[in-house]
>>> print(open('protein-v9.tsv').read())   # TSV, C-alpha atoms and all ligand atoms
chain	number	residue	atom	x	y	z
D	29	MET	CA	0.00	0.00	0.00
D	30	PHE	CA	2.82	2.35	0.78
D	31	THR	CA	4.06	2.92	-2.68
D	32	MET	CA	0.83	1.79	-4.27
D	33	CYS	CA	-0.40	5.30	-4.66
D	34	GLN	CA	-2.85	5.26	-7.47
D	35	PRO	CA	-3.66	8.86	-8.41
D	36	LEU	CA	-6.65	9.74	-6.31
D	37	ARG	CA	-8.88	11.54	-8.71
D	38	SER	CA	-12.18	9.77	-8.46
D	39	LYS	CA	-14.47	7.88	-6.20
D	40	ALA	CA	-13.32	4.71	-7.91
D	41	ASN	CA	-9.80	5.52	-6.87
D	42	LEU	CA	-10.94	6.14	-3.36
D	43	VAL	CA	-12.43	2.70	-3.34
D	44	MET	CA	-9.07	1.40	-4.48
D	45	LEU	CA	-7.44	3.34	-1.68
D	46	PHE	CA	-8.94	1.06	0.85
D	47	LYS	CA	-8.98	-2.10	-1.18
D	48	GLY	CA	-5.50	-2.75	0.08
D	49	TYR	CA	-6.60	-2.24	3.61
D	50	ARG	CA	-9.48	-4.68	3.24
D	51	ARG	CA	-7.19	-7.21	1.69
D	52	PHE	CA	-4.96	-6.90	4.69
D	53	VAL	CA	-7.93	-7.76	6.78
D	54	ARG	CA	-8.98	-10.63	4.59
D	55	THR	CA	-5.65	-12.12	3.58
D	56	THR	CA	-3.25	-11.05	6.30
D	57	CYS	CA	-1.39	-8.65	4.11
D	58	ARG	CA	-2.09	-6.70	0.95
D	59	VAL	CA	0.39	-4.00	0.33
D	60	SER	CA	2.34	-2.77	-2.58
D	61	ILE	CA	5.85	-2.26	-1.50
D	62	PRO	CA	8.23	-2.66	-4.18
D	63	GLY	CA	7.33	-5.23	-1.38
D	64	GLY	CA	-0.04	-14.79	7.59
D	65	SER	CA	2.77	-16.56	9.14
D	66	LEU	CA	3.97	-19.37	6.97
D	67	GLY	CA	6.45	-20.50	9.57
D	68	ASN	CA	8.80	-23.18	8.38
D	69	GLU	CA	6.24	-25.19	6.53
D	70	LEU	CA	7.86	-26.93	3.59
D	71	LYS	CA	4.98	-26.64	1.21
D	72	ALA	CA	3.32	-24.40	-1.31
D	73	PRO	CA	2.00	-21.03	-0.20
D	74	PRO	CA	-1.40	-21.22	1.48
D	75	ARG	CA	-4.27	-21.68	-0.90
D	76	PHE	CA	-5.76	-18.31	-0.02
D	77	LEU	CA	-2.66	-16.54	-1.31
D	78	ARG	CA	-2.78	-18.52	-4.54
D	79	ASP	CA	-6.52	-18.00	-4.91
D	80	LYS	CA	-6.10	-14.26	-4.43
D	81	LYS	CA	-3.45	-14.37	-7.15
D	82	ILE	CA	-0.90	-12.72	-4.88
D	83	VAL	CA	1.49	-15.57	-5.52
D	84	PRO	CA	2.03	-16.42	-9.21
D	85	ASP	CA	1.22	-19.93	-10.35
D	86	ALA	CA	4.17	-22.30	-10.62
D	87	ASP	CA	4.76	-26.03	-10.77
D	88	PRO	CA	6.49	-27.69	-7.83
D	89	PRO	CA	10.28	-27.50	-8.20
D	90	HIS	CA	11.90	-30.15	-10.42
D	91	LYS	CA	14.39	-32.57	-8.88
D	92	GLU	CA	17.11	-31.55	-11.35
D	93	ASP	CA	16.67	-27.90	-10.45
D	94	ILE	CA	16.89	-28.67	-6.75
D	95	HIS	CA	20.10	-30.58	-7.42
D	96	LYS	CA	21.63	-27.80	-9.54
D	97	LEU	CA	20.87	-25.23	-6.88
D	98	TYR	CA	22.33	-27.50	-4.24
D	99	GLN	CA	25.51	-27.76	-6.30
D	100	LEU	CA	25.76	-23.99	-6.45
D	101	PHE	CA	25.61	-23.69	-2.66
D	102	GLU	CA	27.98	-26.63	-2.28
D	103	GLN	CA	30.62	-25.32	-4.68
D	104	SER	CA	30.59	-21.67	-3.67
D	105	LYS	CA	32.97	-20.31	-1.07
D	106	ARG	CA	31.79	-16.75	-1.38
D	107	LEU	CA	28.13	-16.60	-2.29
D	108	THR	CA	26.19	-13.38	-2.69
D	109	ILE	CA	22.40	-13.53	-2.73
D	110	LEU	CA	20.12	-10.89	-4.19
D	111	THR	CA	16.46	-11.13	-3.17
D	112	GLY	CA	13.45	-9.38	-4.65
D	113	ALA	CA	9.71	-9.06	-4.23
D	114	GLY	CA	9.18	-12.69	-5.27
D	115	ILE	CA	10.10	-13.97	-1.85
D	116	SER	CA	7.77	-11.54	-0.10
D	117	THR	CA	4.77	-12.34	-2.29
D	118	GLU	CA	4.86	-15.73	-0.60
D	119	CYS	CA	4.15	-13.88	2.65
D	120	GLY	CA	1.21	-12.00	1.16
D	121	ILE	CA	3.03	-8.84	0.09
D	122	PRO	CA	2.38	-8.33	-3.61
D	123	ASP	CA	4.97	-7.20	-6.09
D	124	TYR	CA	4.79	-4.98	-9.14
D	125	ARG	CA	5.86	-7.04	-12.08
D	126	SER	CA	4.87	-10.66	-11.72
D	127	PRO	CA	1.96	-11.83	-13.89
D	128	ASN	CA	-0.39	-11.09	-11.01
D	129	GLY	CA	1.57	-8.16	-9.64
D	130	ALA	CA	0.28	-4.68	-8.94
D	131	TYR	CA	1.15	-3.47	-12.45
D	132	SER	CA	-1.24	-5.99	-13.96
D	133	SER	CA	-4.18	-4.07	-12.48
D	134	GLY	CA	-2.95	-0.73	-13.80
D	135	PHE	CA	-1.17	0.34	-10.65
D	136	LYS	CA	1.29	3.22	-10.89
D	137	PRO	CA	3.68	3.63	-7.97
D	138	ILE	CA	4.52	7.03	-6.54
D	139	THR	CA	7.75	8.57	-7.80
D	140	HIS	CA	10.33	10.42	-5.79
D	141	GLN	CA	9.53	13.59	-7.71
D	142	GLU	CA	5.80	13.35	-6.96
D	143	PHE	CA	6.49	12.80	-3.30
D	144	THR	CA	8.91	15.68	-2.91
D	145	ARG	CA	7.04	18.22	-5.04
D	146	SER	CA	3.41	17.63	-4.16
D	147	SER	CA	1.92	17.89	-0.70
D	148	ARG	CA	-1.20	16.25	-2.12
D	149	SER	CA	0.82	13.22	-3.18
D	150	ARG	CA	2.40	13.04	0.27
D	151	ARG	CA	-1.00	13.22	1.91
D	152	ARG	CA	-2.29	10.45	-0.30
D	153	TYR	CA	0.78	8.32	0.32
D	154	TRP	CA	0.78	8.71	4.09
D	155	ALA	CA	-2.97	8.29	4.41
D	156	ARG	CA	-2.83	4.93	2.68
D	157	SER	CA	0.31	3.96	4.50
D	158	TYR	CA	-1.26	4.89	7.80
D	159	ALA	CA	-4.35	2.82	7.08
D	160	GLY	CA	-2.40	-0.25	6.04
D	161	TRP	CA	0.50	-0.15	8.45
D	162	ARG	CA	-0.81	-2.36	11.20
D	163	ARG	CA	-1.49	-5.23	8.83
D	164	PHE	CA	1.70	-4.68	6.87
D	165	ALA	CA	3.82	-4.75	9.99
D	166	ALA	CA	2.15	-8.01	11.02
D	167	ALA	CA	3.51	-9.91	7.97
D	168	GLN	CA	5.82	-12.74	8.94
D	169	PRO	CA	8.84	-14.20	7.13
D	170	GLY	CA	8.19	-17.18	4.90
D	171	PRO	CA	10.07	-20.42	4.22
D	172	ALA	CA	12.50	-18.64	1.87
D	173	HIS	CA	13.54	-16.11	4.52
D	174	THR	CA	13.92	-18.86	7.09
D	175	ALA	CA	15.96	-21.11	4.79
D	176	LEU	CA	18.29	-18.24	3.89
D	177	ALA	CA	18.83	-17.41	7.55
D	178	SER	CA	19.75	-21.07	8.19
D	179	LEU	CA	22.18	-21.10	5.28
D	180	GLU	CA	23.68	-17.85	6.47
D	181	ARG	CA	24.17	-19.22	9.99
D	182	ALA	CA	25.87	-22.28	8.51
D	183	GLY	CA	28.34	-20.04	6.68
D	184	ARG	CA	27.00	-20.87	3.23
D	185	ILE	CA	26.17	-17.27	2.33
D	186	ASP	CA	28.68	-14.45	2.36
D	187	CYS	CA	26.29	-11.58	1.73
D	188	ILE	CA	22.55	-11.01	1.29
D	189	ILE	CA	21.40	-7.97	-0.64
D	190	THR	CA	17.67	-7.33	-0.75
D	191	GLN	CA	15.51	-5.06	-2.85
D	192	ASN	CA	12.68	-5.53	-0.37
D	193	VAL	CA	11.84	-2.86	2.16
D	194	ASP	CA	9.68	-5.03	4.43
D	195	ARG	CA	12.30	-6.25	6.93
D	196	LEU	CA	11.14	-9.86	6.63
D	197	HIS	CA	14.77	-11.01	6.32
D	198	HIS	CA	15.51	-9.34	9.64
D	199	ARG	CA	12.60	-11.10	11.27
D	200	ALA	CA	14.01	-14.42	10.09
D	201	GLY	CA	17.38	-13.59	11.64
D	202	SER	CA	19.37	-12.16	8.70
D	203	ASP	CA	20.86	-8.70	8.39
D	204	PRO	CA	20.87	-7.95	4.67
D	205	LEU	CA	22.05	-4.87	2.82
D	206	GLU	CA	18.79	-3.09	2.03
D	207	LEU	CA	19.40	-1.77	-1.47
D	208	HIS	CA	16.17	0.22	-1.58
D	209	GLY	CA	16.00	1.17	2.09
D	210	THR	CA	13.18	0.27	4.44
D	211	VAL	CA	9.73	1.48	5.35
D	212	TYR	CA	10.57	0.86	8.99
D	213	THR	CA	12.47	4.14	9.19
D	214	VAL	CA	11.17	7.65	8.51
D	215	MET	CA	13.62	10.39	7.60
D	216	CYS	CA	13.60	14.14	7.15
D	217	LEU	CA	14.31	15.31	3.61
D	218	ASP	CA	15.69	18.59	4.94
D	219	CYS	CA	17.98	17.74	7.87
D	220	GLY	CA	18.37	13.96	7.61
D	221	PHE	CA	16.96	13.21	11.05
D	222	SER	CA	15.53	9.68	11.14
D	223	PHE	CA	13.34	7.74	13.54
D	224	PRO	CA	11.28	4.50	13.67
D	225	ARG	CA	8.10	4.19	11.63
D	226	ASP	CA	6.17	3.02	14.68
D	227	LEU	CA	6.73	6.40	16.33
D	228	PHE	CA	5.61	8.13	13.17
D	229	GLN	CA	2.49	5.98	13.18
D	230	ASP	CA	1.74	7.22	16.69
D	231	GLN	CA	2.20	10.81	15.51
D	232	LEU	CA	-0.14	10.23	12.58
D	233	LYS	CA	-2.69	8.74	14.91
D	234	ALA	CA	-2.48	11.69	17.28
D	235	LEU	CA	-2.86	14.20	14.46
D	236	ASN	CA	-5.74	12.32	12.84
D	237	PRO	CA	-8.02	11.10	15.62
D	238	LYS	CA	-11.01	10.78	13.31
D	239	TRP	CA	-9.05	8.47	11.04
D	240	ALA	CA	-7.84	6.46	13.96
D	241	GLU	CA	-11.38	6.07	15.20
D	242	ALA	CA	-12.66	5.18	11.75
D	243	LEU	CA	-10.02	2.50	11.28
D	244	GLU	CA	-10.73	1.12	14.72
D	245	SER	CA	-14.41	0.86	13.92
D	246	ILE	CA	-13.63	-0.97	10.68
D	247	ASP	CA	-11.37	-3.33	12.59
D	248	HIS	CA	-14.17	-3.94	15.03
D	249	GLY	CA	-16.73	-4.59	12.35
D	250	GLU	CA	-18.77	-1.44	12.63
D	251	PRO	CA	-18.72	-0.29	9.00
D	252	GLY	CA	-21.39	2.14	7.92
D	253	SER	CA	-21.72	3.63	11.36
D	254	GLU	CA	-21.33	7.34	11.93
D	255	LYS	CA	-17.96	6.60	13.45
D	256	THR	CA	-16.53	5.68	10.08
D	257	PHE	CA	-16.57	9.31	8.92
D	258	GLY	CA	-17.31	8.65	5.32
D	259	MET	CA	-15.83	5.20	5.15
D	260	LYS	CA	-18.40	2.70	4.10
D	261	GLN	CA	-18.01	-0.98	3.61
D	262	ARG	CA	-19.33	-2.25	0.31
D	263	PRO	CA	-21.00	-5.61	-0.14
D	264	ASP	CA	-17.94	-6.97	-1.90
D	265	GLY	CA	-15.77	-6.17	1.11
D	266	ASP	CA	-14.01	-3.07	-0.22
D	267	ILE	CA	-14.14	0.24	1.55
D	268	GLU	CA	-15.29	3.56	0.23
D	269	ILE	CA	-14.18	6.79	1.72
D	270	ASP	CA	-15.46	10.27	1.18
D	271	GLU	CA	-12.98	12.07	-1.08
D	272	LYS	CA	-13.55	15.46	0.50
D	273	PHE	CA	-12.84	14.08	3.90
D	274	TRP	CA	-9.69	12.46	2.63
D	275	GLU	CA	-8.44	15.42	0.63
D	276	GLU	CA	-8.84	17.96	3.37
D	277	GLY	CA	-8.76	16.01	6.54
D	278	PHE	CA	-5.48	14.13	6.73
D	279	ASN	CA	-2.63	15.77	8.62
D	280	ILE	CA	1.02	14.81	8.22
D	281	PRO	CA	3.59	15.39	10.99
D	282	VAL	CA	6.70	17.43	10.21
D	283	CYS	CA	10.27	16.86	11.39
D	284	GLU	CA	10.58	17.57	15.10
D	285	LYS	CA	14.06	18.99	14.60
D	286	CYS	CA	13.54	21.37	11.70
D	287	GLN	CA	9.85	21.22	10.68
D	288	GLY	CA	10.99	19.64	7.40
D	289	VAL	CA	9.26	17.12	5.15
D	290	LEU	CA	9.26	13.50	6.29
D	291	LYS	CA	9.61	10.54	3.94
D	292	PRO	CA	9.95	6.81	4.42
D	293	ASP	CA	13.60	5.79	4.10
D	294	VAL	CA	12.80	4.07	0.83
D	295	ILE	CA	14.18	4.61	-2.65
D	296	PHE	CA	11.11	5.52	-4.66
D	297	PHE	CA	11.03	5.21	-8.42
D	298	GLY	CA	13.02	8.10	-9.88
D	299	ASP	CA	15.37	8.36	-6.92
D	300	ASN	CA	18.97	7.16	-6.69
D	301	ILE	CA	20.48	4.68	-4.28
D	302	PRO	CA	23.00	6.45	-2.00
D	303	LYS	CA	26.47	6.06	-3.47
D	304	GLU	CA	28.01	4.32	-0.48
D	305	ARG	CA	25.26	1.69	-0.43
D	306	ALA	CA	25.48	1.12	-4.19
D	307	THR	CA	29.25	0.72	-3.94
D	308	GLN	CA	28.95	-1.76	-1.09
D	309	ALA	CA	26.53	-3.89	-3.11
D	310	MET	CA	28.73	-3.72	-6.19
D	311	GLU	CA	31.81	-4.77	-4.23
D	312	ALA	CA	29.92	-7.78	-2.83
D	313	ALA	CA	28.87	-8.76	-6.36
D	314	LYS	CA	32.35	-8.42	-7.82
D	315	GLN	CA	34.07	-10.28	-5.01
D	316	SER	CA	31.66	-13.22	-5.01
D	317	ASP	CA	32.45	-16.56	-6.63
D	318	ALA	CA	28.71	-17.19	-7.07
D	319	PHE	CA	25.79	-14.80	-7.35
D	320	LEU	CA	22.24	-16.07	-6.89
D	321	VAL	CA	19.13	-14.03	-7.65
D	322	LEU	CA	15.98	-15.07	-5.78
D	323	GLY	CA	12.54	-13.77	-6.71
D	324	SER	CA	13.47	-10.77	-8.80
D	325	SER	CA	12.85	-9.89	-12.43
D	326	LEU	CA	15.88	-7.57	-12.24
D	327	MET	CA	14.01	-4.84	-14.05
D	328	THR	CA	15.62	-2.10	-12.00
D	329	MET	CA	18.99	-1.20	-13.41
D	330	SER	CA	20.63	-1.12	-9.97
D	331	ALA	CA	19.80	-4.81	-9.47
D	332	PHE	CA	20.64	-5.89	-13.02
D	333	ARG	CA	24.05	-4.21	-12.81
D	334	LEU	CA	25.00	-6.37	-9.84
D	335	VAL	CA	24.33	-9.63	-11.66
D	336	ARG	CA	26.11	-8.42	-14.76
D	337	ALA	CA	29.14	-7.34	-12.73
D	338	ALA	CA	29.31	-10.72	-10.97
D	339	HIS	CA	29.01	-12.50	-14.31
D	340	GLU	CA	31.73	-10.37	-15.89
D	341	ALA	CA	33.99	-10.99	-12.90
D	342	GLY	CA	33.73	-14.73	-13.53
D	343	ALA	CA	31.29	-15.74	-10.79
D	344	MET	CA	28.80	-18.55	-11.22
D	345	THR	CA	25.39	-16.94	-11.62
D	346	ALA	CA	21.88	-18.32	-11.23
D	347	ILE	CA	18.33	-17.04	-10.98
D	348	VAL	CA	15.27	-18.53	-9.31
D	349	ASN	CA	12.24	-16.56	-10.43
D	350	ILE	CA	8.82	-17.11	-11.93
D	351	GLY	CA	8.66	-15.24	-15.21
D	352	VAL	CA	11.28	-13.56	-17.38
D	353	THR	CA	14.12	-11.50	-15.99
D	354	ARG	CA	16.36	-8.88	-17.49
D	355	ALA	CA	19.38	-11.15	-17.09
D	356	ASP	CA	17.99	-14.31	-18.70
D	357	ASP	CA	20.43	-13.95	-21.59
D	358	ILE	CA	23.57	-13.75	-19.48
D	359	VAL	CA	22.84	-16.11	-16.60
D	360	PRO	CA	23.42	-19.79	-17.41
D	361	LEU	CA	21.19	-21.29	-14.73
D	362	LYS	CA	17.59	-20.07	-14.70
D	363	ILE	CA	15.06	-21.91	-12.56
D	364	SER	CA	11.35	-21.21	-12.61
D	365	ALA	CA	10.09	-22.02	-9.13
D	366	ARG	CA	8.78	-20.45	-5.98
D	367	VAL	CA	11.75	-19.61	-3.81
D	368	GLY	CA	9.87	-20.63	-0.69
D	369	GLU	CA	9.36	-24.10	-2.16
D	370	ILE	CA	12.75	-24.81	-3.67
D	371	LEU	CA	15.08	-23.43	-0.98
D	372	PRO	CA	13.82	-25.67	1.84
D	373	ARG	CA	14.10	-28.62	-0.57
D	374	VAL	CA	17.71	-27.67	-1.33
D	375	LEU	CA	18.41	-27.56	2.39
D	376	ASP	CA	16.98	-31.06	2.68
D	377	VAL	CA	19.30	-32.54	0.03
D	378	GLY	CA	22.50	-32.71	1.96
D	379	SER	CA	24.45	-31.07	4.70
D	380	LEU	CA	24.08	-27.44	3.70
D	381	GLY	CA	22.42	-26.62	6.99
D	382	VAL	CA	25.52	-27.50	8.98
D	383	PRO	CA	28.61	-25.31	8.96
D	384	ALA	CA	30.93	-25.80	5.99
D	385	VAL	CA	34.43	-27.08	6.73
G	1	ZN	ZN	14.48	17.84	9.83
>>> encode(input="protein-v9.tsv", output="structure tokens")
Amino acid sequence: MFTMCQPLRSKANLVMLFKGYRRFVRTTCRVSIPGGSLGNELKAPPRFLRDKKIVPDADPPHKEDIHKLYQLFEQSKRLTILTGAGISTECGIPDYRSPNGAYSSGFKPITHQEFTRSSRSRRRYWARSYAGWRRFAAAQPGPAHTALASLERAGRIDCIITQNVDRLHHRAGSDPLELHGTVYTVMCLDCGFSFPRDLFQDQLKALNPKWAEALESIDHGEPGSEKTFGMKQRPDGDIEIDEKFWEEGFNIPVCEKCQGVLKPDVIFFGDNIPKERATQAMEAAKQSDAFLVLGSSLMTMSAFRLVRAAHEAGAMTAIVNIGVTRADDIVPLKISARVGEILPRVLDVGSLGVPAV
């Protein structure tokens, strides 16, 4: 939901505004970050995620593919992993570009320029983010995150770089380089002051008591009551909200240090990754003897460059992703499978879970 900021020009768009929120309610999580607890279950994503088309369809992983991936882990002494939205879709967080991703329904994410130039865009962004935060923050890591954390503990992975901003790797016990930042930190565009998103959520709540009350009443199943302040549940489960109320009535906190503009610490479309972070990722790619992409179509140049650099430096390269990727032509091993299905199977093959000697 946080970057899923459809231009809010009509009542239809207002309905869409809260579709994400309702999906959170119905399916644990329905957000749009360029990113239900599945625990360690070694099986396909829950049926409800597949039925909702959040997770793309895919056959169970082939034995040969499991073996090839196992070989990659086994042979590598310095493995760098790059993860993308594909591993978070398995936890109910939709992506942009998969066949069922947010783009397929005409979604247009907010750009850095829109956010910085337009207070209306910021209001729209933060209103949706505020409404969806509780459910978003409740998402739990899936089998892919858990398997990677195990492999990391066993010394099989040298570096994890993620394009995801949802912190699910952290919850599984990893500490990846977050290429595109994280929604869990809010920062000031003017003075650089940063603080946790949870605190910002409290500030939003305090500044928008009517919204807080309306969301509470929806959570407690009182839609259509006066308390909802223009929000009305529709028979199909979506939520309408009065545009006037939304346009005029949502207040955004400013930086407590300098009264500046606050932004999630996320690289929006149209923004650049900080140089130091980009360099760190590139160094990890170039120094690796194997580079494995998990759940990413590599459509952003910053991600594609890493794979290309690893390939050109002579590293083994491989991709596990459903659907085409930008690097299909240069990477010799391409596996079409759900990461959350194949990784636990790879762990099962041999002794990857125990420390390498
Ligand atoms: Zn500031």
>>> residues_around(input="protein-v9.tsv", residues="Asp356 of chain D", least_positions_apart="5", cutoff="9 Å", atoms="only C-alpha atoms", output="PyMOL selection string")
chain D and resi 347+361-362
>>> residues_around(input="protein-v9.tsv", residues="segment 206-223 of chain D", least_positions_apart="6", cutoff="7 Å", atoms="all atoms listed in the file", output="list in words")
Ile189, Thr190, Gln191, Asn192, Val193, Asp194, Cys283, Cys286, Gly288, Val289, Leu290, Lys291, Pro292, Asp293, Val294, Ile295, Ile301 and Arg305 of chain D
>>> atom_distance(input="protein-v9.tsv", atom1="atom CA of Pro89 of chain D", atom2="atom CA of Ser330 of chain D")
28.4 Å
>>> closest_residue(input="protein-v9.tsv", among="D:Val282, D:Ala175, D:Ile246, D:Ala155", to="ligand ZN 1 (chain G)", atoms="all atoms listed in the file")
D:Val282
>>> residues_around(input="protein-v9.tsv", residues="Ile363 of chain D", least_positions_apart="6", cutoff="9 Å", atoms="all atoms listed in the file", output="JSON, numbers by chain")
{"D": [89, 93, 97, 346, 347, 348, 349, 350]}
>>> build_atoms(input="protein-v9.tsv", residues="segment 177-186 of chain D", atoms="all heavy atoms", output="tab-separated table (two decimals), in the frame of the given file")
chain	number	residue	atom	x	y	z
D	177	ALA	N	18.21	-17.68	6.24
D	177	ALA	CA	18.83	-17.41	7.55
D	177	ALA	C	19.60	-18.63	8.04
D	177	ALA	O	20.69	-18.50	8.60
D	177	ALA	CB	17.75	-17.00	8.55
D	178	SER	N	19.05	-19.83	7.80
D	178	SER	CA	19.75	-21.07	8.19
D	178	SER	C	21.06	-21.23	7.42
D	178	SER	O	22.10	-21.56	7.99
D	178	SER	CB	18.88	-22.30	7.89
D	178	SER	OG	17.71	-22.27	8.63
D	179	LEU	N	20.99	-20.97	6.11
D	179	LEU	CA	22.18	-21.10	5.28
D	179	LEU	C	23.24	-20.07	5.67
D	179	LEU	O	24.44	-20.35	5.65
D	179	LEU	CB	21.80	-20.93	3.80
D	179	LEU	CG	21.02	-22.10	3.21
D	179	LEU	CD1	20.30	-21.69	1.93
D	179	LEU	CD2	21.97	-23.28	2.92
D	180	GLU	N	22.76	-18.91	6.05
D	180	GLU	CA	23.68	-17.85	6.47
D	180	GLU	C	24.38	-18.25	7.78
D	180	GLU	O	25.60	-18.10	7.92
D	180	GLU	CB	22.87	-16.57	6.67
D	180	GLU	CG	23.70	-15.31	6.57
D	180	GLU	CD	22.84	-14.06	6.66
D	180	GLU	OE1	21.70	-14.13	7.17
D	180	GLU	OE2	23.31	-13.00	6.25
D	181	ARG	N	23.60	-18.77	8.70
D	181	ARG	CA	24.17	-19.22	9.99
D	181	ARG	C	25.20	-20.32	9.78
D	181	ARG	O	26.17	-20.42	10.51
D	181	ARG	CB	23.06	-19.71	10.92
D	181	ARG	CG	22.38	-18.61	11.73
D	181	ARG	CD	21.58	-19.19	12.87
D	181	ARG	NE	20.55	-20.13	12.43
D	181	ARG	CZ	19.33	-19.77	12.03
D	181	ARG	NH1	18.99	-18.50	12.03
D	181	ARG	NH2	18.46	-20.66	11.64
D	182	ALA	N	24.95	-21.15	8.78
D	182	ALA	CA	25.87	-22.28	8.51
D	182	ALA	C	27.08	-21.84	7.70
D	182	ALA	O	27.90	-22.66	7.31
D	182	ALA	CB	25.12	-23.39	7.79
D	183	GLY	N	27.17	-20.55	7.41
D	183	GLY	CA	28.34	-20.04	6.68
D	183	GLY	C	28.29	-20.28	5.18
D	183	GLY	O	29.31	-20.20	4.50
D	184	ARG	N	27.12	-20.59	4.66
D	184	ARG	CA	27.00	-20.87	3.23
D	184	ARG	C	26.76	-19.62	2.39
D	184	ARG	O	26.80	-19.68	1.16
D	184	ARG	CB	25.83	-21.83	2.98
D	184	ARG	CG	25.99	-23.18	3.66
D	184	ARG	CD	27.04	-24.00	2.94
D	184	ARG	NE	27.18	-25.32	3.55
D	184	ARG	CZ	27.94	-26.27	3.03
D	184	ARG	NH1	28.62	-26.06	1.93
D	184	ARG	NH2	28.03	-27.43	3.63
D	185	ILE	N	26.45	-18.52	3.05
D	185	ILE	CA	26.17	-17.27	2.33
D	185	ILE	C	27.11	-16.19	2.87
D	185	ILE	O	27.23	-16.01	4.08
D	185	ILE	CB	24.70	-16.84	2.54
D	185	ILE	CG1	23.75	-17.90	1.97
D	185	ILE	CG2	24.45	-15.48	1.89
D	185	ILE	CD1	22.30	-17.64	2.30
D	186	ASP	N	27.76	-15.50	1.94
D	186	ASP	CA	28.68	-14.45	2.36
D	186	ASP	C	27.94	-13.12	2.55
D	186	ASP	O	28.26	-12.35	3.45
D	186	ASP	CB	29.77	-14.29	1.29
D	186	ASP	CG	30.88	-13.36	1.75
D	186	ASP	OD1	31.40	-13.58	2.86
D	186	ASP	OD2	31.19	-12.40	1.03
